[in-house]
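Source file: protein-v4.cif. Holds: mmCIF, C-alpha atoms and all ligand atoms.
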```
data_protein
loop_
_atom_site.group_PDB
_atom_site.id
_atom_site.type_symbol
_atom_site.label_atom_id
_atom_site.label_comp_id
_atom_site.auth_asym_id
_atom_site.auth_seq_id
_atom_site.Cartn_x
_atom_site.Cartn_y
_atom_site.Cartn_z
ATOM 1 C CA MET A 1 -37.687 -1.924 -54.888
ATOM 2 C CA GLY A 2 -36.460 -0.920 -51.462
ATOM 3 C CA THR A 3 -36.921 -4.482 -50.165
ATOM 4 C CA ILE A 4 -34.788 -5.965 -52.957
ATOM 5 C CA LYS A 5 -32.065 -3.387 -52.299
ATOM 6 C CA ASN A 6 -32.056 -4.196 -48.585
ATOM 7 C CA LEU A 7 -31.899 -7.910 -49.337
ATOM 8 C CA ALA A 8 -28.951 -7.418 -51.699
ATOM 9 C CA GLU A 9 -27.108 -5.357 -49.082
ATOM 10 C CA GLY A 10 -27.776 -7.993 -46.428
ATOM 11 C CA ILE A 11 -26.472 -10.814 -48.631
ATOM 12 C CA THR A 12 -23.377 -8.764 -49.549
ATOM 13 C CA ALA A 13 -22.631 -8.089 -45.877
ATOM 14 C CA LEU A 14 -23.138 -11.777 -45.042
ATOM 15 C CA LEU A 15 -20.763 -12.880 -47.800
ATOM 16 C CA LYS A 16 -18.160 -10.332 -46.682
ATOM 17 C CA GLY A 17 -18.353 -11.682 -43.135
ATOM 18 C CA LEU A 18 -17.995 -15.275 -44.340
ATOM 19 C CA ALA A 19 -15.019 -14.311 -46.515
ATOM 20 C CA THR A 20 -13.295 -12.754 -43.483
ATOM 21 C CA THR A 21 -13.968 -15.899 -41.439
ATOM 22 C CA LEU A 22 -12.536 -18.144 -44.163
ATOM 23 C CA LYS A 23 -9.470 -15.918 -44.483
ATOM 24 C CA ILE A 24 -8.765 -16.107 -40.721
ATOM 25 C CA LEU A 25 -9.401 -19.877 -40.671
ATOM 26 C CA SER A 26 -6.656 -20.452 -43.219
ATOM 27 C CA ARG A 27 -4.059 -18.596 -41.077
ATOM 28 C CA LYS A 28 -1.507 -20.565 -39.078
ATOM 29 C CA PRO A 29 -2.395 -20.319 -35.365
ATOM 30 C CA VAL A 30 0.098 -18.618 -33.040
ATOM 31 C CA THR A 31 0.375 -20.572 -29.790
ATOM 32 C CA GLU A 32 2.970 -19.709 -27.165
ATOM 33 C CA GLN A 33 3.661 -22.559 -24.774
ATOM 34 C CA TYR A 34 3.633 -20.650 -21.491
ATOM 35 C CA PRO A 35 5.230 -21.253 -18.999
ATOM 36 C CA GLU A 36 7.847 -23.178 -21.046
ATOM 37 C CA TYR A 37 8.186 -20.111 -23.273
ATOM 38 C CA ARG A 38 8.137 -16.712 -21.587
ATOM 39 C CA ARG A 39 7.784 -13.829 -23.968
ATOM 40 C CA PRO A 40 10.382 -11.140 -23.111
ATOM 41 C CA LEU A 41 8.521 -8.120 -21.753
ATOM 42 C CA PRO A 42 9.566 -4.497 -22.253
ATOM 43 C CA ALA A 43 11.797 -3.160 -19.483
ATOM 44 C CA ARG A 44 9.143 -0.596 -18.545
ATOM 45 C CA SER A 45 6.399 -3.191 -17.986
ATOM 46 C CA ARG A 46 4.689 -2.593 -14.668
ATOM 47 C CA ALA A 47 4.232 -5.499 -12.284
ATOM 48 C CA VAL A 48 5.599 -6.577 -8.903
ATOM 49 C CA ILE A 49 7.027 -3.768 -6.797
ATOM 50 C CA VAL A 50 10.406 -3.803 -5.053
ATOM 51 C CA LEU A 51 12.172 -1.547 -2.557
ATOM 52 C CA THR A 52 15.708 -0.836 -3.741
ATOM 53 C CA ARG A 53 18.988 0.087 -2.052
ATOM 54 C CA ASP A 54 21.429 2.942 -2.736
ATOM 55 C CA PRO A 55 25.052 2.397 -3.900
ATOM 56 C CA ASP A 56 26.161 2.190 -0.225
ATOM 57 C CA GLY A 57 23.831 -0.760 0.341
ATOM 58 C CA GLU A 58 21.468 1.270 2.546
ATOM 59 C CA GLU A 59 17.733 1.028 2.009
ATOM 60 C CA ARG A 60 16.619 4.030 -0.002
ATOM 61 C CA CYS A 61 13.164 4.399 1.506
ATOM 62 C CA VAL A 62 12.973 7.255 4.004
ATOM 63 C CA ALA A 63 9.366 6.520 4.996
ATOM 64 C CA CYS A 64 8.053 9.833 3.676
ATOM 65 C CA TYR A 65 4.594 8.336 2.994
ATOM 66 C CA LEU A 66 4.363 9.956 -0.468
ATOM 67 C CA CYS A 67 3.793 6.625 -2.239
ATOM 68 C CA SER A 68 1.161 5.687 0.277
ATOM 69 C CA ALA A 69 -0.583 9.054 -0.121
ATOM 70 C CA VAL A 70 -0.624 8.931 -3.913
ATOM 71 C CA CYS A 71 -1.752 5.286 -4.224
ATOM 72 C CA PRO A 72 -5.292 5.374 -5.668
ATOM 73 C CA VAL A 73 -6.318 2.102 -4.003
ATOM 74 C CA SER A 74 -4.569 2.647 -0.642
ATOM 75 C CA CYS A 75 -2.626 -0.592 -0.778
ATOM 76 C CA ILE A 76 0.652 0.754 0.705
ATOM 77 C CA SER A 77 1.120 1.146 4.450
ATOM 78 C CA MET A 78 4.178 1.658 6.625
ATOM 79 C CA GLN A 79 5.453 3.051 9.904
ATOM 80 C CA SER A 80 8.356 5.465 9.941
ATOM 81 C CA ALA A 81 11.284 5.261 12.351
ATOM 82 C CA GLU A 82 14.556 7.131 12.802
ATOM 83 C CA ARG A 83 18.072 5.827 13.242
ATOM 84 C CA GLU A 84 20.458 7.291 15.782
ATOM 85 C CA ASP A 85 22.136 9.378 13.078
ATOM 86 C CA GLY A 86 18.775 10.896 12.122
ATOM 87 C CA ARG A 87 18.222 8.897 8.952
ATOM 88 C CA ARG A 88 14.611 7.816 8.540
ATOM 89 C CA TYR A 89 13.507 4.372 7.445
ATOM 90 C CA PRO A 90 10.296 2.346 7.462
ATOM 91 C CA ARG A 91 10.042 0.135 10.566
ATOM 92 C CA TRP A 92 7.655 -1.952 8.527
ATOM 93 C CA PHE A 93 6.413 -1.523 4.985
ATOM 94 C CA ARG A 94 3.504 -3.427 3.481
ATOM 95 C CA ILE A 95 1.959 -3.651 0.013
ATOM 96 C CA ASN A 96 -1.282 -5.508 -0.639
ATOM 97 C CA PHE A 97 -0.848 -6.828 -4.186
ATOM 98 C CA ALA A 98 -4.408 -8.131 -4.160
ATOM 99 C CA ARG A 99 -5.482 -4.476 -4.444
ATOM 100 C CA CYS A 100 -2.590 -2.974 -6.424
ATOM 101 C CA ILE A 101 -3.545 -1.948 -9.972
ATOM 102 C CA TYR A 102 0.104 -1.489 -11.065
ATOM 103 C CA CYS A 103 -0.499 2.108 -12.102
ATOM 104 C CA GLY A 104 3.063 3.168 -11.237
ATOM 105 C CA LEU A 105 2.041 6.327 -9.380
ATOM 106 C CA CYS A 106 3.991 5.284 -6.268
ATOM 107 C CA GLU A 107 7.183 5.065 -8.347
ATOM 108 C CA GLU A 108 6.505 8.484 -9.868
ATOM 109 C CA ALA A 109 6.004 10.043 -6.439
ATOM 110 C CA CYS A 110 9.029 8.532 -4.707
ATOM 111 C CA PRO A 111 11.794 11.142 -4.186
ATOM 112 C CA THR A 112 14.515 8.574 -3.451
ATOM 113 C CA LEU A 113 13.900 6.009 -6.262
ATOM 114 C CA ALA A 114 13.239 3.475 -3.510
ATOM 115 C CA ILE A 115 9.998 2.011 -4.798
ATOM 116 C CA GLN A 116 10.098 0.595 -8.313
ATOM 117 C CA LEU A 117 7.863 -1.600 -10.438
ATOM 118 C CA THR A 118 9.435 -4.572 -12.223
ATOM 119 C CA PRO A 119 8.260 -6.664 -15.206
ATOM 120 C CA ASN A 120 7.763 -9.736 -12.958
ATOM 121 C CA PHE A 121 4.045 -10.522 -13.141
ATOM 122 C CA GLU A 122 4.074 -14.136 -11.960
ATOM 123 C CA THR A 123 2.513 -13.744 -8.537
ATOM 124 C CA SER A 124 -0.871 -15.396 -8.891
ATOM 125 C CA GLY A 125 -1.926 -17.777 -6.141
ATOM 126 C CA ARG A 126 -4.910 -19.308 -4.429
ATOM 127 C CA ASP A 127 -4.341 -17.743 -1.004
ATOM 128 C CA ILE A 128 -5.118 -14.026 -1.184
ATOM 129 C CA LEU A 129 -3.229 -13.334 2.063
ATOM 130 C CA LYS A 130 -0.004 -14.448 0.368
ATOM 131 C CA LEU A 131 -0.360 -11.379 -1.851
ATOM 132 C CA VAL A 132 0.332 -9.133 1.132
ATOM 133 C CA TYR A 133 4.088 -8.470 0.936
ATOM 134 C CA GLU A 134 6.091 -7.279 3.936
ATOM 135 C CA LYS A 135 9.301 -5.237 3.853
ATOM 136 C CA GLU A 136 11.484 -8.359 3.897
ATOM 137 C CA ASP A 137 9.656 -9.612 0.776
ATOM 138 C CA LEU A 138 10.007 -6.257 -1.005
ATOM 139 C CA LEU A 139 13.573 -5.196 -0.180
ATOM 140 C CA VAL A 140 16.155 -6.164 -2.821
ATOM 141 C CA ASN A 141 19.946 -5.904 -2.779
ATOM 142 C CA HIS A 142 20.374 -3.586 -5.768
ATOM 143 C CA GLY A 143 19.367 -0.197 -7.104
ATOM 144 C CA GLY A 144 16.899 -1.426 -9.724
ATOM 145 C CA LYS A 145 16.620 0.890 -12.718
ATOM 146 C CA ASN A 146 19.278 3.269 -11.380
ATOM 147 C CA ASN A 147 22.173 1.833 -9.409
ATOM 148 C CA GLU A 148 23.993 5.182 -9.136
ATOM 149 C CA TYR A 149 21.414 7.433 -7.479
ATOM 150 C CA ASN A 150 22.139 8.173 -3.841
ATOM 151 C CA PHE A 151 19.519 10.403 -2.257
ATOM 152 C CA TYR A 152 21.524 10.970 0.915
ATOM 153 C CA LYS A 153 24.564 12.239 -0.981
ATOM 154 C CA ARG A 154 22.355 15.096 -2.261
ATOM 155 C CA ALA A 155 19.970 15.744 0.602
ATOM 156 C CA GLY A 156 21.279 13.776 3.534
ATOM 157 C CA VAL A 157 20.879 14.125 7.261
ATOM 158 C CA ALA A 158 24.087 16.188 7.532
ATOM 159 C CA MET A 159 26.059 17.863 4.775
ATOM 160 C CA VAL A 160 29.780 17.452 5.176
ATOM 161 C CA GLY A 161 32.215 19.943 3.675
ATOM 162 C CA ASP A 162 31.948 23.503 2.383
ATOM 163 C CA LYS A 163 29.306 24.817 0.033
ATOM 164 C CA GLY A 164 30.052 23.823 -3.529
ATOM 165 C CA THR A 165 31.688 20.517 -2.606
ATOM 166 C CA GLN A 166 28.535 18.364 -2.770
ATOM 167 C CA ILE A 167 27.294 16.584 -5.885
ATOM 168 C CA ASN A 168 25.754 19.098 -8.366
ATOM 169 C CA GLU A 169 26.026 21.907 -5.787
ATOM 170 C CA ASP A 170 26.818 25.406 -7.056
ATOM 171 C CA LYS A 171 29.915 27.184 -5.749
ATOM 172 C CA PRO A 172 29.212 30.029 -3.298
ATOM 173 C CA VAL A 173 28.550 33.398 -4.883
ATOM 174 C CA ASP A 174 31.428 35.843 -4.585
ATOM 175 C CA LEU A 175 29.595 39.026 -3.558
ATOM 176 C CA LYS A 176 32.566 41.208 -4.442
ATOM 177 C CA SER A 177 32.401 40.045 -8.041
ATOM 178 C CA ASN A 178 28.980 41.718 -8.284
ATOM 179 C CA LEU A 179 30.340 45.171 -7.383
ATOM 180 C CA PRO A 180 30.478 47.710 -10.179
HETATM 181 S S1 LIG B 1 1.346 0.711 -8.542
HETATM 182 FE FE1 LIG B 1 -0.395 2.109 -8.136
HETATM 183 S S2 LIG B 1 -1.890 0.828 -7.096
HETATM 184 FE FE2 LIG B 1 0.072 -0.286 -6.966
HETATM 185 S S3 LIG B 1 1.000 0.362 -5.033
HETATM 186 FE FE3 LIG B 1 1.767 1.758 -6.598
HETATM 187 S S4 LIG B 1 0.351 3.526 -6.575
HETATM 188 FE FE4 LIG B 1 -0.674 1.819 -5.502
HETATM 189 S S1 LIG B 2 9.088 4.243 -1.044
HETATM 190 FE FE1 LIG B 2 9.658 6.339 -1.604
HETATM 191 S S2 LIG B 2 7.741 7.515 -1.573
HETATM 192 FE FE2 LIG B 2 7.386 5.594 -0.440
HETATM 193 S S3 LIG B 2 7.802 6.144 1.702
HETATM 194 FE FE3 LIG B 2 9.692 5.287 0.844
HETATM 195 S S4 LIG B 2 10.840 7.102 0.140
HETATM 196 FE FE4 LIG B 2 8.715 7.762 0.443
#
```
Would you mind writing the file's structure down as structure tokens?
Ligand code: SF4
Ligand code: SF4
Amino acid sequence: MGTIKNLAEGITALLKGLATTLKILSRKPVTEQYPEYRRPLPARSRAVIVLTRDPDGEERCVACYLCSAVCPVSCISMQSAEREDGRRYPRWFRINFARCIYCGLCEEACPTLAIQLTPNFETSGRDILKLVYEKEDLLVNHGGKNNEYNFYKRAGVAMVGDKGTQINEDKPVDLKSNLP
């Protein structure tokens, strides 16, 4: 009795599987002719990394090494340098895209919005050394996802003007107003 029941269950499962196959076979295939057709990707897709500039056209990166420290595969390296006015910048900046896993942690860690991931994923190639990008390959002439943010206007090398005159800075406390 048990054998007949098992056989019936097996045949039912087989027929169900065949029915699913037939149903899928009758569907119209969806074929996208890449690269002639490029499916628009969401703006937050994570692929090739760029180094952006602030609204004054200066490179945002201050070579703080945070992105390099947080990178789980250690594919970011740089050397910091300082301008005459005290502003830091990377003398060189290198990302090995052959190792990058596009996790986005470097972008999360960056205090100046300098490093940003873009939706551009078309970087495959036969020569693995061409996937090592230098600063001149990474630096772009815009602010990426935020063109307004200017790190140095908030925490620059020298603050100009009285307290309360900087962006988002509170006015000085009037001690006399606290007297009873
Ligand atoms: S996206 Fe991730 S793996 Fe790639 S450089 Fe940034 S932190 Fe490293
Ligand atoms: S890209 Fe950002 S986190 Fe990385 S060194 Fe430059 S300022 Fe620091």
Checklist entry - Could you list, as a PyMOL selection string, all the residues within 6 Å of ligand LIG 2 (chain B), counting all atoms listed in the file? => result chain A and resi 61-67+109-112+114-115
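Remark: for ligand LIG 1 (chain B), the closest of the candidate residues A:Leu175, A:Ala98, A:Cys75, A:Ala155 is A:Cys75 (distances computed over only C-alpha atoms and all ligand atoms).
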Next on the checklist: For the PyMOL selection byres (((not hetatm)) within 10 of (chain B and resi 1)), applied here, can you spell out every residue it catches as number ranges by chain?
Outcome noted: A: 46-49, 66-77, 94-109, 115-117
Checklist entry - Distance CA of Arg91 (chain A)-CA of His142 (chain A), one decimal place? => result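 If I compute the distance from CA of Arg91 (chain A) to CA of His142 (chain A), I get 19.7 Å.
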Item to check | d(CA of Gly17 (chain A), CA of Thr31 (chain A)) in Å | outcome: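 Rounded to one decimal, the two atoms are 24.7 Å apart.
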Checklist entry - Expressed in Å to a single decimal, how great is the separation between CA of Pro119 (chain A) and CA of Ser45 (chain A)? => result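 Spanning CA of Pro119 (chain A) to CA of Ser45 (chain A) is a straight-line distance of 4.8 Å.
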Please evaluate the PyMOL selection byres (((chain A and resi 87) around 9) and not hetatm) against the structure above and give the resulting residues as a compact mmCIF listing (two decimals) with C-alpha atoms, in the frame of the given file.
```txt
# COMPACT_ATOMS: atom_id res chain seq x y z
CA VAL A 62 12.97 7.26 4.00
CA ALA A 81 11.28 5.26 12.35
CA GLU A 82 14.56 7.13 12.80
CA ARG A 83 18.07 5.83 13.24
CA GLU A 84 20.46 7.29 15.78
CA ASP A 85 22.14 9.38 13.08
CA GLY A 86 18.77 10.90 12.12
CA ARG A 88 14.61 7.82 8.54
CA TYR A 89 13.51 4.37 7.44
CA TYR A 152 21.52 10.97 0.92
CA GLY A 156 21.28 13.78 3.53
CA VAL A 157 20.88 14.12 7.26
```
Checklist entry - Which one of A:Arg53, A:Lys16, A:Arg27, A:Arg39 sits closest to Glu148 (chain A) if you count only C-alpha atoms? => result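 Among the listed residues, the smallest separation from Glu148 (chain A) belongs to A:Arg53.
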Please fill the gaps in region 22-47 of chain A so it has N, CA and C atoms, and write that as a PDB file, in the frame of the given file.
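Result file is selection_1.pdb:
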```
ATOM      1  N   LEU A  22     -13.335 -17.151 -43.425  1.00  0.00           N
ATOM      2  CA  LEU A  22     -12.536 -18.144 -44.163  1.00  0.00           C
ATOM      3  C   LEU A  22     -11.067 -17.729 -44.226  1.00  0.00           C
ATOM      4  N   LYS A  23     -10.860 -16.413 -44.410  1.00  0.00           N
ATOM      5  CA  LYS A  23      -9.470 -15.918 -44.483  1.00  0.00           C
ATOM      6  C   LYS A  23      -8.736 -16.185 -43.167  1.00  0.00           C
ATOM      7  N   ILE A  24      -9.403 -15.914 -42.032  1.00  0.00           N
ATOM      8  CA  ILE A  24      -8.765 -16.107 -40.721  1.00  0.00           C
ATOM      9  C   ILE A  24      -8.545 -17.599 -40.465  1.00  0.00           C
ATOM     10  N   LEU A  25      -9.511 -18.431 -40.911  1.00  0.00           N
ATOM     11  CA  LEU A  25      -9.401 -19.877 -40.671  1.00  0.00           C
ATOM     12  C   LEU A  25      -8.179 -20.477 -41.349  1.00  0.00           C
ATOM     13  N   SER A  26      -7.789 -19.884 -42.483  1.00  0.00           N
ATOM     14  CA  SER A  26      -6.656 -20.452 -43.219  1.00  0.00           C
ATOM     15  C   SER A  26      -5.312 -19.997 -42.649  1.00  0.00           C
ATOM     16  N   ARG A  27      -5.323 -19.065 -41.668  1.00  0.00           N
ATOM     17  CA  ARG A  27      -4.059 -18.596 -41.077  1.00  0.00           C
ATOM     18  C   ARG A  27      -3.490 -19.625 -40.123  1.00  0.00           C
ATOM     19  N   LYS A  28      -2.154 -19.659 -40.037  1.00  0.00           N
ATOM     20  CA  LYS A  28      -1.507 -20.565 -39.078  1.00  0.00           C
ATOM     21  C   LYS A  28      -1.712 -20.016 -37.659  1.00  0.00           C
ATOM     22  N   PRO A  29      -2.204 -20.840 -36.727  1.00  0.00           N
ATOM     23  CA  PRO A  29      -2.395 -20.319 -35.365  1.00  0.00           C
ATOM     24  C   PRO A  29      -1.076 -19.996 -34.673  1.00  0.00           C
ATOM     25  N   VAL A  30      -1.100 -18.977 -33.807  1.00  0.00           N
ATOM     26  CA  VAL A  30       0.098 -18.618 -33.040  1.00  0.00           C
ATOM     27  C   VAL A  30      -0.136 -19.055 -31.592  1.00  0.00           C
ATOM     28  N   THR A  31       0.560 -20.076 -31.153  1.00  0.00           N
ATOM     29  CA  THR A  31       0.375 -20.572 -29.790  1.00  0.00           C
ATOM     30  C   THR A  31       1.705 -20.517 -29.060  1.00  0.00           C
ATOM     31  N   GLU A  32       1.747 -19.773 -27.958  1.00  0.00           N
ATOM     32  CA  GLU A  32       2.970 -19.709 -27.165  1.00  0.00           C
ATOM     33  C   GLU A  32       2.811 -20.640 -25.973  1.00  0.00           C
ATOM     34  N   GLN A  33       3.765 -21.526 -25.803  1.00  0.00           N
ATOM     35  CA  GLN A  33       3.661 -22.559 -24.774  1.00  0.00           C
ATOM     36  C   GLN A  33       4.130 -22.023 -23.429  1.00  0.00           C
ATOM     37  N   TYR A  34       3.333 -21.151 -22.841  1.00  0.00           N
ATOM     38  CA  TYR A  34       3.633 -20.650 -21.491  1.00  0.00           C
ATOM     39  C   TYR A  34       3.303 -21.752 -20.493  1.00  0.00           C
ATOM     40  N   PRO A  35       4.072 -22.042 -19.442  1.00  0.00           N
ATOM     41  CA  PRO A  35       5.230 -21.253 -18.999  1.00  0.00           C
ATOM     42  C   PRO A  35       6.575 -21.716 -19.562  1.00  0.00           C
ATOM     43  N   GLU A  36       6.559 -22.753 -20.473  1.00  0.00           N
ATOM     44  CA  GLU A  36       7.847 -23.178 -21.046  1.00  0.00           C
ATOM     45  C   GLU A  36       8.490 -22.013 -21.812  1.00  0.00           C
ATOM     46  N   TYR A  37       7.672 -21.276 -22.564  1.00  0.00           N
ATOM     47  CA  TYR A  37       8.186 -20.111 -23.273  1.00  0.00           C
ATOM     48  C   TYR A  37       7.657 -18.853 -22.606  1.00  0.00           C
ATOM     49  N   ARG A  38       8.555 -17.981 -22.200  1.00  0.00           N
ATOM     50  CA  ARG A  38       8.137 -16.712 -21.587  1.00  0.00           C
ATOM     51  C   ARG A  38       8.516 -15.572 -22.523  1.00  0.00           C
ATOM     52  N   ARG A  39       7.523 -14.922 -23.029  1.00  0.00           N
ATOM     53  CA  ARG A  39       7.784 -13.829 -23.968  1.00  0.00           C
ATOM     54  C   ARG A  39       8.527 -12.702 -23.239  1.00  0.00           C
ATOM     55  N   PRO A  40       9.665 -12.238 -23.790  1.00  0.00           N
ATOM     56  CA  PRO A  40      10.382 -11.140 -23.111  1.00  0.00           C
ATOM     57  C   PRO A  40       9.505  -9.886 -23.072  1.00  0.00           C
ATOM     58  N   LEU A  41       9.366  -9.311 -21.900  1.00  0.00           N
ATOM     59  CA  LEU A  41       8.521  -8.120 -21.753  1.00  0.00           C
ATOM     60  C   LEU A  41       9.372  -6.857 -21.815  1.00  0.00           C
ATOM     61  N   PRO A  42       8.801  -5.754 -22.238  1.00  0.00           N
ATOM     62  CA  PRO A  42       9.566  -4.497 -22.253  1.00  0.00           C
ATOM     63  C   PRO A  42      10.054  -4.140 -20.855  1.00  0.00           C
ATOM     64  N   ALA A  43      11.209  -3.491 -20.786  1.00  0.00           N
ATOM     65  CA  ALA A  43      11.797  -3.160 -19.483  1.00  0.00           C
ATOM     66  C   ALA A  43      10.881  -2.281 -18.638  1.00  0.00           C
ATOM     67  N   ARG A  44      10.014  -1.499 -19.302  1.00  0.00           N
ATOM     68  CA  ARG A  44       9.143  -0.596 -18.545  1.00  0.00           C
ATOM     69  C   ARG A  44       7.794  -1.216 -18.194  1.00  0.00           C
ATOM     70  N   SER A  45       7.656  -2.532 -18.393  1.00  0.00           N
ATOM     71  CA  SER A  45       6.399  -3.191 -17.986  1.00  0.00           C
ATOM     72  C   SER A  45       6.210  -2.997 -16.490  1.00  0.00           C
ATOM     73  N   ARG A  46       4.953  -2.872 -16.081  1.00  0.00           N
ATOM     74  CA  ARG A  46       4.689  -2.593 -14.668  1.00  0.00           C
ATOM     75  C   ARG A  46       4.053  -3.791 -13.992  1.00  0.00           C
ATOM     76  N   ALA A  47       4.799  -4.402 -13.081  1.00  0.00           N
ATOM     77  CA  ALA A  47       4.232  -5.499 -12.284  1.00  0.00           C
ATOM     78  C   ALA A  47       4.834  -5.398 -10.886  1.00  0.00           C
TER      79      ALA A  47
END
```
